[in-house]
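Listing of start-v6.tsv, TSV, C-alpha atoms
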chain	number	residue	atom	x	y	z
P	351	MET	CA	-26.63	61.91	73.37
P	352	GLY	CA	-23.96	59.65	74.92
P	353	ALA	CA	-20.38	59.00	73.88
P	354	ARG	CA	-19.26	59.50	70.31
P	355	VAL	CA	-16.88	57.43	68.16
P	356	LEU	CA	-14.65	58.87	65.45
P	357	THR	CA	-14.10	56.03	63.00
P	358	LEU	CA	-11.10	56.58	60.73
P	359	TYR	CA	-10.52	54.76	57.49
P	360	TYR	CA	-7.23	54.03	55.79
P	361	HIS	CA	-6.47	52.12	52.60
P	362	ARG	CA	-2.72	51.61	52.35
P	363	VAL	CA	0.46	51.92	54.41
P	364	GLN	CA	2.98	52.19	51.63
P	365	ILE	CA	5.23	54.56	49.68
P	366	LEU	CA	4.55	54.74	45.95
P	367	GLU	CA	6.33	56.84	43.36
P	368	LYS	CA	2.92	58.06	42.19
P	369	ASP	CA	-0.09	57.78	44.49
P	370	TYR	CA	-2.72	59.02	42.05
P	371	ASN	CA	-5.70	58.28	44.30
P	372	LEU	CA	-4.08	59.43	47.56
P	373	LEU	CA	-4.57	56.02	49.16
P	374	CYS	CA	-1.15	55.70	50.80
P	375	VAL	CA	0.10	56.75	54.22
P	376	SER	CA	3.85	56.18	54.63
P	377	PRO	CA	4.88	53.62	57.28
P	378	ILE	CA	6.66	56.31	59.33
P	379	ARG	CA	3.66	58.66	59.30
P	380	PHE	CA	1.30	55.79	60.05
P	381	ARG	CA	3.27	54.96	63.19
P	382	GLN	CA	3.28	58.62	64.24
P	383	GLN	CA	-0.48	58.82	63.70
P	384	MET	CA	-1.11	55.65	65.71
P	385	LEU	CA	1.10	56.88	68.57
P	386	TYR	CA	-0.80	60.14	68.68
P	387	LEU	CA	-4.15	58.35	68.84
P	388	LYS	CA	-2.87	55.88	71.45
P	389	HIS	CA	-1.72	58.71	73.72
P	390	ASN	CA	-4.85	60.83	73.34
P	391	TYR	CA	-7.93	58.62	72.93
P	392	PRO	CA	-9.43	55.30	73.93
P	393	ILE	CA	-9.29	53.09	70.81
P	394	VAL	CA	-12.18	50.68	70.39
P	395	ARG	CA	-12.78	47.75	68.09
P	396	PHE	CA	-15.19	48.30	65.22
P	397	GLU	CA	-17.23	45.25	66.24
P	398	ASP	CA	-17.66	46.34	69.87
P	399	ASP	CA	-20.98	47.51	71.30
P	400	TRP	CA	-20.28	51.23	71.42
P	401	THR	CA	-23.53	52.01	73.21
P	402	GLU	CA	-21.77	50.92	76.43
P	403	LEU	CA	-19.07	53.60	76.12
P	404	ASP	CA	-18.94	56.36	78.71
P	405	THR	CA	-16.33	58.46	76.87
P	406	ASP	CA	-15.57	59.50	73.30
P	407	ALA	CA	-13.34	57.04	71.42
P	408	VAL	CA	-11.63	56.31	68.09
P	409	ALA	CA	-11.91	53.22	65.86
P	410	ILE	CA	-9.44	52.28	63.09
P	411	THR	CA	-10.45	50.64	59.81
P	412	PHE	CA	-8.84	49.78	56.47
P	413	ASP	CA	-10.63	49.27	53.15
P	414	ASP	CA	-9.74	47.00	50.22
P	415	GLY	CA	-7.22	44.52	51.66
P	416	TYR	CA	-3.88	45.58	50.21
P	417	PHE	CA	-0.87	43.41	51.12
P	418	ASP	CA	0.84	46.38	52.76
P	419	ASN	CA	-1.79	46.20	55.52
P	420	LEU	CA	-0.03	42.99	56.57
P	421	GLN	CA	3.47	44.11	55.66
P	422	TYR	CA	3.57	47.59	57.23
P	423	ALA	CA	0.39	48.31	59.20
P	424	LEU	CA	0.13	45.11	61.23
P	425	PRO	CA	3.56	45.37	62.93
P	426	VAL	CA	2.72	48.88	64.16
P	427	LEU	CA	-0.74	47.89	65.34
P	428	GLU	CA	0.67	44.90	67.21
P	429	GLU	CA	3.55	46.87	68.73
P	430	LEU	CA	1.22	49.59	70.02
P	431	GLU	CA	-1.63	47.17	70.78
P	432	ILE	CA	-4.11	49.08	68.64
P	433	PRO	CA	-7.06	47.13	67.22
P	434	ALA	CA	-8.18	47.62	63.62
P	435	THR	CA	-10.67	46.14	61.18
P	436	ILE	CA	-9.64	45.32	57.62
P	437	PHE	CA	-12.40	45.11	55.02
P	438	VAL	CA	-11.29	42.78	52.23
P	439	SER	CA	-12.40	42.72	48.60
P	440	THR	CA	-12.10	39.04	47.77
P	441	GLY	CA	-11.90	39.14	43.96
P	442	THR	CA	-8.13	39.65	43.83
P	443	MET	CA	-7.18	37.11	46.52
P	444	ASP	CA	-6.10	34.71	43.76
P	445	GLN	CA	-3.33	37.22	42.92
P	446	MET	CA	-4.22	37.19	39.21
P	447	SER	CA	-5.13	40.89	38.94
P	448	GLU	CA	-4.89	44.19	40.76
P	449	LEU	CA	-7.86	46.15	42.06
P	450	TRP	CA	-9.60	47.69	39.09
P	451	TRP	CA	-8.62	51.34	39.64
P	452	ASP	CA	-4.96	50.31	39.97
P	453	GLU	CA	-5.15	48.48	36.65
P	454	LEU	CA	-6.91	51.43	35.03
P	455	GLU	CA	-4.25	53.78	36.35
P	456	ARG	CA	-1.46	51.53	35.06
P	457	LEU	CA	-3.04	51.22	31.62
P	458	VAL	CA	-3.86	54.88	31.04
P	459	LEU	CA	-1.27	56.81	33.05
P	460	VAL	CA	1.88	54.70	33.49
P	461	GLY	CA	4.66	54.18	30.96
P	462	ASP	CA	6.15	55.85	27.90
P	463	ASN	CA	4.61	53.73	25.15
P	464	ILE	CA	1.00	54.83	25.56
P	465	PRO	CA	-0.77	55.07	22.18
P	466	PRO	CA	-2.04	58.59	21.37
P	467	VAL	CA	-5.72	57.60	21.08
P	468	PHE	CA	-7.94	55.12	22.94
P	469	GLN	CA	-11.18	54.03	21.33
P	470	LEU	CA	-13.57	52.32	23.72
P	471	THR	CA	-15.81	49.84	21.92
P	472	ASP	CA	-19.15	49.66	23.70
P	473	GLU	CA	-22.69	49.82	22.33
P	474	GLU	CA	-23.80	52.30	25.00
P	475	PHE	CA	-20.67	54.16	26.09
P	476	GLY	CA	-18.41	53.91	23.05
P	477	CYS	CA	-16.05	56.87	22.98
P	478	VAL	CA	-12.70	58.07	21.69
P	479	TRP	CA	-10.14	59.63	24.03
P	480	ASP	CA	-7.07	61.60	23.04
P	481	THR	CA	-4.19	60.20	25.15
P	482	SER	CA	-1.34	62.07	23.46
P	483	MET	CA	-0.58	64.40	26.40
P	484	TRP	CA	-0.53	64.06	30.18
P	485	GLU	CA	-3.60	66.24	30.75
P	486	TYR	CA	-5.52	64.23	28.17
P	487	LYS	CA	-4.43	60.97	29.77
P	488	LYS	CA	-5.72	62.20	33.14
P	489	ASN	CA	-8.99	63.16	31.47
P	490	CYS	CA	-9.27	59.67	29.95
P	491	TYR	CA	-8.53	58.06	33.32
P	492	GLY	CA	-11.09	60.25	35.07
P	493	GLY	CA	-13.77	59.57	32.48
P	494	LEU	CA	-13.26	55.81	32.47
P	495	HIS	CA	-13.12	55.66	36.27
P	496	TYR	CA	-16.38	57.60	36.52
P	497	LEU	CA	-18.13	55.30	34.05
P	498	MET	CA	-16.69	52.13	35.58
P	499	LYS	CA	-17.76	53.15	39.08
P	500	ASN	CA	-21.22	54.57	38.40
P	501	PHE	CA	-22.70	53.17	35.20
P	502	ILE	CA	-21.52	49.65	34.36
P	503	ASN	CA	-21.55	46.28	36.08
P	504	PRO	CA	-18.41	44.31	36.99
P	505	ASP	CA	-18.62	42.06	33.90
P	506	LYS	CA	-18.63	45.01	31.54
P	507	ARG	CA	-15.86	46.68	33.55
P	508	GLU	CA	-13.75	43.55	33.01
P	509	LYS	CA	-14.39	43.72	29.25
P	510	TRP	CA	-13.27	47.33	29.17
P	511	LEU	CA	-10.11	46.49	31.09
P	512	ARG	CA	-9.33	43.73	28.60
P	513	GLN	CA	-9.73	46.25	25.78
P	514	LEU	CA	-7.23	48.49	27.55
P	515	TRP	CA	-4.72	45.64	28.05
P	516	ASN	CA	-4.98	44.87	24.32
P	517	TRP	CA	-4.64	48.57	23.47
P	518	ARG	CA	-1.42	48.77	25.47
P	519	GLU	CA	-0.27	45.39	24.06
P	520	MET	CA	0.66	44.33	27.58
P	521	GLU	CA	0.37	41.04	29.40
P	522	ARG	CA	-1.86	41.27	32.46
P	523	THR	CA	0.35	41.03	35.52
P	524	VAL	CA	0.25	42.16	39.14
P	525	ARG	CA	2.81	44.71	40.31
P	526	ALA	CA	4.35	43.69	43.64
P	527	GLU	CA	3.68	47.07	45.25
P	528	ASN	CA	-0.02	46.91	44.38
P	529	ARG	CA	-0.88	43.34	45.23
P	530	THR	CA	-3.68	42.55	47.63
P	531	ILE	CA	-3.69	39.91	50.33
P	532	SER	CA	-3.76	36.23	49.42
P	533	VAL	CA	-5.71	33.55	51.26
P	534	GLU	CA	-2.68	32.84	53.44
P	535	ASP	CA	-2.13	36.56	54.11
P	536	CYS	CA	-5.77	36.90	55.14
P	537	ARG	CA	-5.36	34.08	57.63
P	538	LYS	CA	-2.23	35.71	59.05
P	539	LEU	CA	-4.08	38.97	59.57
P	540	ALA	CA	-7.06	37.25	61.16
P	541	GLY	CA	-4.66	35.37	63.45
P	542	SER	CA	-3.60	38.62	65.10
P	543	LYS	CA	-5.40	39.62	68.28
P	544	MET	CA	-5.41	43.18	66.95
P	545	ILE	CA	-7.24	42.47	63.68
P	546	SER	CA	-10.83	41.74	62.77
P	547	ILE	CA	-11.76	40.98	59.16
P	548	GLY	CA	-14.83	42.25	57.36
P	549	ALA	CA	-16.18	41.84	53.82
P	550	HIS	CA	-15.93	44.51	51.11
P	551	THR	CA	-17.61	42.77	48.11
P	552	ILE	CA	-15.89	40.72	45.41
P	553	SER	CA	-14.96	43.36	42.84
P	554	HIS	CA	-15.44	46.69	44.64
P	555	PRO	CA	-18.39	48.16	42.71
P	556	SER	CA	-20.58	51.05	43.75
P	557	LEU	CA	-23.35	48.76	44.95
P	558	ALA	CA	-26.27	51.18	44.53
P	559	SER	CA	-25.53	51.33	40.79
P	560	LEU	CA	-26.19	47.59	40.46
P	561	GLU	CA	-29.46	45.69	40.24
P	562	ALA	CA	-30.47	43.92	43.46
P	563	GLU	CA	-29.40	40.49	42.15
P	564	LEU	CA	-25.89	41.70	41.40
P	565	GLN	CA	-25.66	43.50	44.73
P	566	GLU	CA	-26.61	40.25	46.44
P	567	LEU	CA	-24.01	38.29	44.50
P	568	GLU	CA	-21.23	40.74	45.39
P	569	ILE	CA	-22.15	40.80	49.08
P	570	LYS	CA	-23.06	37.13	49.59
P	571	GLU	CA	-20.07	35.65	47.77
P	572	SER	CA	-17.52	37.92	49.46
P	573	ILE	CA	-18.91	37.00	52.89
P	574	GLU	CA	-18.97	33.29	52.05
P	575	ARG	CA	-15.43	33.37	50.62
P	576	LEU	CA	-14.02	34.99	53.74
P	577	SER	CA	-15.98	32.67	56.00
P	578	GLU	CA	-14.54	29.71	54.10
P	579	VAL	CA	-10.98	31.09	54.24
P	580	LEU	CA	-11.10	31.96	57.94
P	581	GLY	CA	-13.41	29.25	59.22
P	582	SER	CA	-15.52	31.79	61.05
P	583	GLN	CA	-18.64	33.85	60.55
P	584	ILE	CA	-18.22	37.28	58.94
P	585	THR	CA	-20.39	39.91	60.64
P	586	LEU	CA	-18.72	43.14	59.48
P	587	PHE	CA	-18.99	44.89	56.13
P	588	SER	CA	-17.83	48.06	54.42
P	589	TYR	CA	-19.64	49.53	51.41
P	590	PRO	CA	-17.20	50.23	48.54
P	591	PHE	CA	-16.85	54.00	48.07
P	592	GLY	CA	-19.37	54.29	50.87
P	593	SER	CA	-21.54	57.34	50.15
P	594	PRO	CA	-25.13	56.87	51.38
P	595	GLU	CA	-27.70	56.57	48.58
P	596	VAL	CA	-24.94	57.03	45.99
P	597	ASP	CA	-22.91	53.87	46.68
P	598	PHE	CA	-25.30	51.91	48.88
P	599	ASN	CA	-29.02	52.06	49.63
P	600	ASP	CA	-31.76	50.37	51.63
P	601	THR	CA	-31.58	47.33	49.34
P	602	THR	CA	-27.87	46.97	50.12
P	603	ILE	CA	-28.55	47.14	53.84
P	604	GLU	CA	-31.29	44.51	53.64
P	605	ILE	CA	-28.96	42.15	51.78
P	606	CYS	CA	-26.21	42.68	54.38
P	607	ARG	CA	-28.68	41.93	57.16
P	608	LYS	CA	-29.89	38.81	55.31
P	609	TYR	CA	-26.36	37.36	55.24
P	610	GLY	CA	-25.51	37.96	58.88
P	611	ILE	CA	-23.81	41.34	58.80
P	612	GLN	CA	-24.29	43.10	62.13
P	613	LYS	CA	-22.38	46.32	61.49
P	614	ALA	CA	-21.52	48.09	58.24
P	615	ALA	CA	-19.25	51.04	57.50
P	616	SER	CA	-20.03	53.94	55.19
P	617	THR	CA	-17.97	57.01	54.35
P	618	GLU	CA	-20.60	59.45	55.55
P	619	TYR	CA	-18.71	62.39	57.04
P	620	LYS	CA	-20.02	62.26	60.60
P	621	LEU	CA	-19.30	60.97	64.08
P	622	TRP	CA	-21.03	57.92	65.48
P	623	ASN	CA	-23.41	58.41	68.38
P	624	PRO	CA	-25.91	55.97	69.94
P	625	THR	CA	-28.70	57.08	67.56
P	626	VAL	CA	-26.76	55.99	64.45
P	627	ASP	CA	-27.98	52.98	62.45
P	628	PRO	CA	-25.42	50.12	62.83
P	629	TYR	CA	-25.65	49.62	59.05
P	630	ARG	CA	-24.59	53.22	58.44
P	631	ILE	CA	-21.49	53.67	60.61
P	632	PRO	CA	-19.92	56.99	59.50
P	633	ARG	CA	-16.17	57.30	58.91
P	634	LYS	CA	-13.62	59.98	58.07
P	635	VAL	CA	-10.62	59.42	55.82
P	636	VAL	CA	-6.90	59.64	56.69
P	637	ARG	CA	-4.32	60.78	54.15
P	638	ASP	CA	-0.52	60.93	54.19
P	639	TRP	CA	-0.47	63.77	56.69
P	640	THR	CA	2.45	64.91	58.81
P	641	LEU	CA	1.94	64.59	62.54
P	642	ASN	CA	0.99	68.29	62.81
P	643	GLU	CA	-1.48	67.98	59.94
P	644	PHE	CA	-2.92	64.82	61.48
P	645	GLU	CA	-3.39	66.43	64.90
P	646	GLN	CA	-5.16	69.38	63.29
P	647	LYS	CA	-7.39	67.10	61.21
P	648	ILE	CA	-8.36	64.97	64.20
P	649	ARG	CA	-9.33	68.11	66.12
P	650	GLU	CA	-11.46	69.20	63.15
P	651	TYR	CA	-12.98	65.73	62.85
P	652	TRP	CA	-14.47	65.96	66.35
P	653	ILE	CA	-16.42	69.08	65.36
P	654	GLU	CA	-19.81	68.16	63.93

Rewritten as structure tokens:
Amino acid sequence: MGARVLTLYYHRVQILEKDYNLLCVSPIRFRQQMLYLKHNYPIVRFEDDWTELDTDAVAITFDDGYFDNLQYALPVLEELEIPATIFVSTGTMDQMSELWWDELERLVLVGDNIPPVFQLTDEEFGCVWDTSMWEYKKNCYGGLHYLMKNFINPDKREKWLRQLWNWREMERTVRAENRTISVEDCRKLAGSKMISIGAHTISHPSLASLEAELQELEIKESIERLSEVLGSQITLFSYPFGSPEVDFNDTTIEICRKYGIQKAASTEYKLWNPTVDPYRIPRKVVRDWTLNEFEQKIREYWIE
């Protein structure tokens, strides 16, 4: 069978008052986790040819491209000389909006002046949600997130978000703690010997829910934008949400191959071995675990 690789994926190294989607690992815990990995496993780059390995190893990845990857993760990775790949969604690099689930969370769950009812105007999915109590707000958030991820295209998602901004009577702004990397930030990350940059679409849709033309647009334009920003070819990709056949499919893979992607990350819950398709690299998630919890999880992660 050969050596195996446990690829871990993070999203954020940050402390938030409310981390609704469990995306954050605190800076202190992140450093503890990296130290543990450094002392116990060979750590390989995502882009390396793993078929040459003669021992099991770990790879570190980040999805989305939050600014805290530069602010808090990079100093630890550089200090400990641990390589990582950051997959960047390019649609928020202009700093004009947050990633869509962060905006949705802000609009439905955050603040005291939330109207008691939200009426979504849409010819196919029009619906009325009671938002008068916390449990109802969470239900509204969950329902809208599910529809936005699985059933509508990015243009319609944007229209729905604009309805929500109008409903809350709020000006669309970006909260400092939720901003993603800018063009300059991306160049700083890519300038580190520890970091490789991959593409992660423009607007972070579940690709398999889109028609082939829209999939191609999301993949092609994110690759081209990053190539333009960094002045180098982009050969790495991560499928948003990442579940095989649910969030990406054979069409997605063919498009990635067409535009020069050589290796693509999923979130399939497995270990890599030399028989694995390079366009279906499996990964396992990391949460804000204490060191003891992290050690236990890593031990579990090696069991197939």

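The neighbours of Ser588 (chain P) here are the residues that come within 8 Å of it, using only C-alpha atoms and leaving out any residue fewer than 2 positions away in the same chain; they are Asp413, Phe437, Gly548, Ala549, His550, Leu586, Pro590, Gly592, Ala614, Ala615 and Ser616 of chain P.
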
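Minimum distance to Val355 (chain P) across P:Thr405, P:Asn503, P:Gln513, P:Thr602 (counting only C-alpha atoms) occurs at P:Thr405.
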
Spatial neighbours of Ser593 (chain P), 12 Å, all atoms listed in the file, chain gap at least 5 places, as a PyMOL selection string: chain P and resi 556-559+588+598-599+615-620+630-634

Hey, what's within 7 Å of region 532-541 of chain P if we count all atoms listed in the file and toss same-chain stuff fewer than 2 positions away? As a compact mmCIF listing (two decimals) with C-alpha atoms, in the frame of the given file, please?
# COMPACT_ATOMS: atom_id res chain seq x y z
CA LEU P 420 -0.03 42.99 56.57
CA MET P 443 -7.18 37.11 46.52
CA ASP P 444 -6.10 34.71 43.76
CA GLN P 445 -3.33 37.22 42.92
CA THR P 530 -3.68 42.55 47.63
CA LYS P 543 -5.40 39.62 68.28
CA ILE P 545 -7.24 42.47 63.68
CA SER P 546 -10.83 41.74 62.77
CA ILE P 547 -11.76 40.98 59.16
CA VAL P 579 -10.98 31.09 54.24
CA LEU P 580 -11.10 31.96 57.94

Neighbour list for Tyr629 (chain P) as an NGL selection string, cut-off 9 Å, all atoms listed in the file, skip fewer than 3 positions in-chain: :P and (587 or 603 or 606-607 or 611-616 or 626)
